[in-house]
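S.K.: Have a peek at run-v2.cif (mmCIF, C-alpha atoms).
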data_protein
#
loop_
_atom_site.group_PDB
_atom_site.id
_atom_site.type_symbol
_atom_site.label_atom_id
_atom_site.label_comp_id
_atom_site.auth_asym_id
_atom_site.auth_seq_id
_atom_site.Cartn_x
_atom_site.Cartn_y
_atom_site.Cartn_z
ATOM 1 C CA MET A 1 53.210 141.014 96.360
ATOM 2 C CA THR A 2 52.053 140.084 92.874
ATOM 3 C CA LEU A 3 52.735 136.790 91.115
ATOM 4 C CA LEU A 4 54.988 138.671 88.690
ATOM 5 C CA ASP A 5 57.062 140.014 91.609
ATOM 6 C CA GLN A 6 57.350 136.509 93.103
ATOM 7 C CA ALA A 7 58.439 135.089 89.755
ATOM 8 C CA LEU A 8 61.025 137.867 89.281
ATOM 9 C CA ILE A 9 62.517 137.276 92.737
ATOM 10 C CA GLU A 10 62.613 133.509 92.278
ATOM 11 C CA GLU A 11 64.057 133.438 88.760
ATOM 12 C CA ALA A 12 66.671 136.121 89.436
ATOM 13 C CA SER A 13 67.756 134.401 92.668
ATOM 14 C CA LYS A 14 67.927 130.957 91.041
ATOM 15 C CA LYS A 15 70.098 132.152 88.178
ATOM 16 C CA SER A 16 72.478 134.391 90.083
ATOM 17 C CA GLY A 17 75.510 132.750 91.679
ATOM 18 C CA LEU A 18 75.874 135.562 94.213
ATOM 19 C CA ILE A 19 73.464 137.798 96.048
ATOM 20 C CA TRP A 20 74.210 140.867 98.132
ATOM 21 C CA VAL A 21 72.691 140.741 101.601
ATOM 22 C CA ARG A 22 72.400 143.734 103.916
ATOM 23 C CA GLY A 23 71.288 143.072 107.464
ATOM 24 C CA PRO A 24 70.294 145.603 110.086
ATOM 25 C CA GLU A 25 74.009 146.228 110.736
ATOM 26 C CA GLY A 26 76.935 146.946 108.457
ATOM 27 C CA PRO A 27 77.305 147.129 104.681
ATOM 28 C CA SER A 28 76.044 144.658 102.088
ATOM 29 C CA ARG A 29 78.036 141.485 101.589
ATOM 30 C CA ALA A 30 78.181 139.163 98.577
ATOM 31 C CA LEU A 31 77.169 135.608 99.519
ATOM 32 C CA TRP A 32 76.776 132.376 97.551
ATOM 33 C CA HIS A 33 73.459 130.633 97.985
ATOM 34 C CA VAL A 34 70.856 128.252 96.599
ATOM 35 C CA TRP A 35 67.169 128.903 95.974
ATOM 36 C CA HIS A 36 65.111 126.205 97.668
ATOM 37 C CA ASP A 37 61.429 125.942 98.539
ATOM 38 C CA GLY A 38 60.609 129.636 98.063
ATOM 39 C CA ALA A 39 63.627 131.137 99.823
ATOM 40 C CA VAL A 40 67.317 131.887 99.459
ATOM 41 C CA CYS A 41 69.301 129.440 101.590
ATOM 42 C CA LEU A 42 72.871 130.074 102.665
ATOM 43 C CA VAL A 43 75.475 128.789 105.066
ATOM 44 C CA GLY A 44 78.230 130.705 106.800
ATOM 45 C CA GLY A 45 79.828 131.827 109.977
ATOM 46 C CA GLY A 46 82.429 129.084 110.369
ATOM 47 C CA PRO A 47 86.177 129.482 109.795
ATOM 48 C CA LEU A 48 86.031 127.732 106.399
ATOM 49 C CA GLU A 49 82.792 129.312 105.164
ATOM 50 C CA GLN A 50 81.618 132.743 104.083
ATOM 51 C CA PRO A 51 81.528 135.277 106.920
ATOM 52 C CA LEU A 52 78.138 136.327 108.263
ATOM 53 C CA ASP A 53 79.444 138.392 111.183
ATOM 54 C CA GLY A 54 78.774 142.094 111.069
ATOM 55 C CA LEU A 55 75.509 141.692 109.157
ATOM 56 C CA GLY A 56 73.292 141.279 112.216
ATOM 57 C CA LEU A 57 71.299 138.420 110.699
ATOM 58 C CA SER A 58 69.261 136.772 113.441
ATOM 59 C CA ASP A 59 66.314 134.405 113.508
ATOM 60 C CA GLY A 60 63.136 136.412 112.987
ATOM 61 C CA GLY A 61 65.081 139.478 111.869
ATOM 62 C CA THR A 62 65.048 141.230 108.528
ATOM 63 C CA ALA A 63 67.482 141.694 105.665
ATOM 64 C CA THR A 64 67.552 143.266 102.238
ATOM 65 C CA VAL A 65 68.602 141.078 99.316
ATOM 66 C CA SER A 66 70.005 142.514 96.080
ATOM 67 C CA VAL A 67 70.160 140.213 93.059
ATOM 68 C CA ARG A 68 72.069 140.901 89.865
ATOM 69 C CA SER A 69 71.094 140.098 86.319
ATOM 70 C CA LYS A 70 72.777 136.964 84.989
ATOM 71 C CA ASP A 71 73.389 138.379 81.515
ATOM 72 C CA LYS A 72 74.233 142.056 82.192
ATOM 73 C CA GLY A 73 75.593 141.820 85.732
ATOM 74 C CA GLY A 74 73.713 144.907 86.963
ATOM 75 C CA ARG A 75 71.253 145.066 89.836
ATOM 76 C CA LEU A 76 67.967 143.476 88.760
ATOM 77 C CA VAL A 77 65.826 143.264 91.877
ATOM 78 C CA VAL A 78 66.074 144.252 95.547
ATOM 79 C CA TRP A 79 63.660 142.644 97.993
ATOM 80 C CA PRO A 80 63.029 142.563 101.740
ATOM 81 C CA ALA A 81 63.539 139.233 103.491
ATOM 82 C CA ARG A 82 62.665 137.605 106.785
ATOM 83 C CA VAL A 83 65.553 135.633 108.291
ATOM 84 C CA VAL A 84 64.898 132.088 109.504
ATOM 85 C CA GLU A 85 67.756 130.194 111.160
ATOM 86 C CA LEU A 86 67.420 126.445 110.806
ATOM 87 C CA ALA A 87 68.220 124.241 113.801
ATOM 88 C CA PRO A 88 70.865 121.577 113.038
ATOM 89 C CA GLY A 89 69.502 118.088 112.593
ATOM 90 C CA GLY A 90 65.907 119.033 111.767
ATOM 91 C CA GLU A 91 64.167 117.734 108.653
ATOM 92 C CA GLN A 92 64.216 121.134 106.932
ATOM 93 C CA TRP A 93 67.871 121.641 107.932
ATOM 94 C CA GLU A 94 68.833 118.286 106.394
ATOM 95 C CA THR A 95 67.028 119.112 103.142
ATOM 96 C CA VAL A 96 68.584 122.578 102.850
ATOM 97 C CA VAL A 97 72.065 121.280 103.734
ATOM 98 C CA GLY A 98 71.723 118.666 100.992
ATOM 99 C CA GLU A 99 71.013 121.437 98.471
ATOM 100 C CA LEU A 100 73.845 123.635 99.741
ATOM 101 C CA ARG A 101 76.276 120.699 99.849
ATOM 102 C CA SER A 102 75.651 119.988 96.163
ATOM 103 C CA LYS A 103 76.915 123.506 95.362
ATOM 104 C CA ARG A 104 79.971 123.338 97.682
ATOM 105 C CA LEU A 105 82.025 120.775 95.788
ATOM 106 C CA ASN A 106 85.429 122.291 96.593
ATOM 107 C CA ALA A 107 85.113 121.908 100.375
ATOM 108 C CA PRO A 108 88.245 120.401 101.957
ATOM 109 C CA ASP A 109 86.093 117.988 104.003
ATOM 110 C CA PHE A 110 83.275 117.188 101.583
ATOM 111 C CA ALA A 111 82.500 113.812 103.193
ATOM 112 C CA THR A 112 81.885 115.350 106.641
ATOM 113 C CA LEU A 113 80.611 118.732 105.512
ATOM 114 C CA ALA A 114 77.159 118.452 107.127
ATOM 115 C CA GLU A 115 78.667 117.553 110.520
ATOM 116 C CA ARG A 116 81.037 120.535 110.375
ATOM 117 C CA TRP A 117 78.210 122.869 109.390
ATOM 118 C CA ALA A 118 76.106 121.586 112.305
ATOM 119 C CA ARG A 119 79.011 122.204 114.691
ATOM 120 C CA GLU A 120 80.474 125.494 113.443
ATOM 121 C CA CYS A 121 78.110 127.282 111.053
ATOM 122 C CA ARG A 122 74.673 128.771 110.676
ATOM 123 C CA VAL A 123 72.236 127.745 107.962
ATOM 124 C CA LEU A 124 69.828 130.555 107.099
ATOM 125 C CA ARG A 125 66.754 130.926 104.915
ATOM 126 C CA LEU A 126 65.948 134.385 103.597
ATOM 127 C CA VAL A 127 62.223 134.297 102.823
ATOM 128 C CA PRO A 128 60.742 137.079 100.658
ATOM 129 C CA ALA A 129 58.764 139.355 102.976
ATOM 130 C CA GLY A 130 57.102 141.784 100.639
ATOM 131 C CA ALA A 131 57.122 143.410 97.248
ATOM 132 C CA PRO A 132 60.487 144.257 95.677
ATOM 133 C CA VAL A 133 61.911 147.610 96.702
ATOM 134 C CA GLU A 134 63.657 147.943 93.318
ATOM 135 C CA LYS A 135 62.807 146.141 90.088
ATOM 136 C CA PRO A 136 62.800 146.862 86.356
ATOM 137 C CA GLY A 137 60.811 150.027 85.804
ATOM 138 C CA ALA A 138 61.221 151.116 89.437
ATOM 139 C CA MET A 139 64.956 151.699 89.891
ATOM 140 C CA PRO A 140 66.483 154.734 91.625
ATOM 141 C CA ASP A 141 68.070 157.462 89.531
ATOM 142 C CA ALA A 142 71.157 157.789 91.783
ATOM 143 C CA SER A 143 74.139 155.460 91.331
ATOM 144 C CA GLN A 144 73.739 153.680 94.712
ATOM 145 C CA ALA A 145 77.529 153.122 94.758
ATOM 146 C CA ALA A 146 78.876 152.287 98.206
ATOM 147 C CA VAL A 147 81.998 153.866 99.646
ATOM 148 C CA PRO A 148 84.814 151.260 99.716
ATOM 149 C CA LEU A 149 85.549 149.789 103.135
ATOM 150 C CA PRO A 150 88.820 150.844 104.789
ATOM 151 C CA THR A 151 91.689 148.425 104.166
ATOM 152 C CA ARG A 152 95.430 148.102 104.702
ATOM 153 C CA ALA A 153 95.894 146.911 101.116
ATOM 154 C CA THR A 154 97.744 149.259 98.806
ATOM 155 C CA THR A 155 98.015 149.730 95.082
ATOM 156 C CA ARG A 156 101.158 148.375 93.494
ATOM 157 C CA ARG A 157 103.710 151.098 92.826
ATOM 158 C CA ARG A 158 105.835 151.484 89.708
ATOM 159 C CA ILE A 159 109.068 149.525 89.805
ATOM 160 C CA PRO A 160 112.297 151.518 90.085
ATOM 161 C CA VAL A 161 113.972 152.320 86.752
ATOM 162 C CA GLY A 162 117.218 150.474 87.563
ATOM 163 C CA LEU A 163 115.603 147.263 88.822
ATOM 164 C CA PRO A 164 115.369 145.418 85.466
ATOM 165 C CA ARG A 165 119.110 146.022 84.782
ATOM 166 C CA LEU A 166 119.978 144.805 88.270
ATOM 167 C CA LEU A 167 117.948 141.625 87.816
ATOM 168 C CA PHE A 168 119.332 140.859 84.340
ATOM 169 C CA ARG A 169 122.915 141.432 85.542
ATOM 170 C CA ARG A 170 122.465 138.816 88.300
ATOM 171 C CA ARG A 171 121.231 136.243 85.793
ATOM 172 C CA ARG A 172 124.290 136.740 83.571
ATOM 173 C CA GLN A 173 126.670 136.496 86.535
ATOM 174 C CA HIS A 174 125.101 133.192 87.670
ATOM 175 C CA GLY A 175 125.271 131.718 84.171
ATOM 176 C CA THR A 176 121.523 131.617 83.445
#
Go through the file and emit its structure as structure tokens.
M.R.:
Amino acid sequence: MTLLDQALIEEASKKSGLIWVRGPEGPSRALWHVWHDGAVCLVGGGPLEQPLDGLGLSDGGTATVSVRSKDKGGRLVVWPARVVELAPGGEQWETVVGELRSKRLNAPDFATLAERWARECRVLRLVPAGAPVEKPGAMPDASQAAVPLPTRATTRRRIPVGLPRLLFRRRRQHGT
């Protein structure tokens, strides 16, 4: 990997609030993160944090990270990563958790966040493991659009024609 590739990965990852991570299993998932010490660091897996299940991210495994452009919002760089799971309580874990904690200001238990993460969550580092697969000047011609995941959610239907009259009539009858 060239110095230019390293700089592209680092700068794009630092500036983007979200990255898309695809593990060996399942589709890509958008995750919030911080860039620290040459890797993307993220926390998840607990009931109050971003879900990591279904991605197949395991210590020593691989993942593919897609980073968007801060100004245009389109895919800027896609790079392979090696997954490193940090053990709770270690020096590196403490440092990474401090960085992540500074970005997680809306946590309901901010004072005890590190203890909850040690108990319930996984802290991962995604270390660049090779040259970018996609980058400016080397992007695929196809759209790369993913098929939406199945869901029970539905699109809102048009309201019935008589509903507004029915609602306004009730207001007049109740004196409002």
S.K.: Quick one: which residues end up in the PyMOL selection byres ((chain A and resi 61-65) around 10) for this structure, as a PyMOL selection string?
M.R.: chain A and resi 9+13+19-25+28-30+40+55-60+66-67+77-85+126-129+132-133
S.K.: Using CA of Lys103 (chain A) and CA of Gly54 (chain A) as the two end points, give the distance in Å to one decimal.
M.R.: 24.4 Å
S.K.: Quick one: pull the distance between CA of Asp5 (chain A) and CA of Ala39 (chain A), Å, one decimal.
M.R.: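 Computing it gives 13.8 Å between the two atoms.
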S.K.: Nearest to Gly89 (chain A): which of A:Ala142, A:Ile159, A:Ala114, A:Val43 is it, counting all atoms listed in the file?
M.R.: A:Ala114
S.K.: In Å, how far is it from CA of Pro150 (chain A) to CA of Gly44 (chain A)?
M.R.: 22.8 Å
S.K.: Using only C-alpha atoms, determine which residues lie at most 12 Å from Gly98 (chain A), disregarding the query and same-chain residues fewer than 6 positions distant; provide the list as a VMD selection string.
M.R.: chain A and resid 34 36 41 to 43 89 91 to 92 104 to 105 110 113 to 115 117 123
S.K.: So which residues fall inside 10 Å of (86.3, 127.0, 106.5) if we count only C-alpha atoms? Mind giving them as a ChimeraX atom specification?
M.R.: /A:44-51,107-109,116-117,120-121
S.K.: Just checking: using all atoms listed in the file, which residue out of A:Val96, A:Ala111, A:Leu8, A:Val147 ends up closest to Leu124 (chain A)?
M.R.: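 The closest residue to Leu124 (chain A) is A:Val96.
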S.K.: For a quick check of understanding, using all atoms listed in the file, which of A:Asn106, A:Pro164, A:Pro27, A:Ala131 has the smallest distance to Leu3 (chain A)?
M.R.: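 With all atoms listed in the file as the atom set, the closest residue is A:Ala131.
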S.K.: Would you please work out which residue, of A:Arg125, A:Ala87, A:Leu76, A:Pro160, is nearest to Gly137 (chain A) when using only C-alpha atoms?
M.R.: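 When distances to Gly137 (chain A) are compared using only C-alpha atoms, the smallest one comes from A:Leu76.
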S.K.: Between A:Arg152, A:Arg68, A:His33, A:Lys14, which has the minimum distance to Arg101 (chain A) (counting all atoms listed in the file)?
M.R.: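 Going through A:Arg152, A:Arg68, A:His33, A:Lys14 one by one, the smallest distance to Arg101 (chain A) is for A:His33.
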S.K.: For Met1 (chain A), which of A:Gly130, A:Pro148, A:Gly90, A:Pro136 is the closest residue, counting all atoms listed in the file?
M.R.: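 Selected residue with least distance to Met1 (chain A): A:Gly130.
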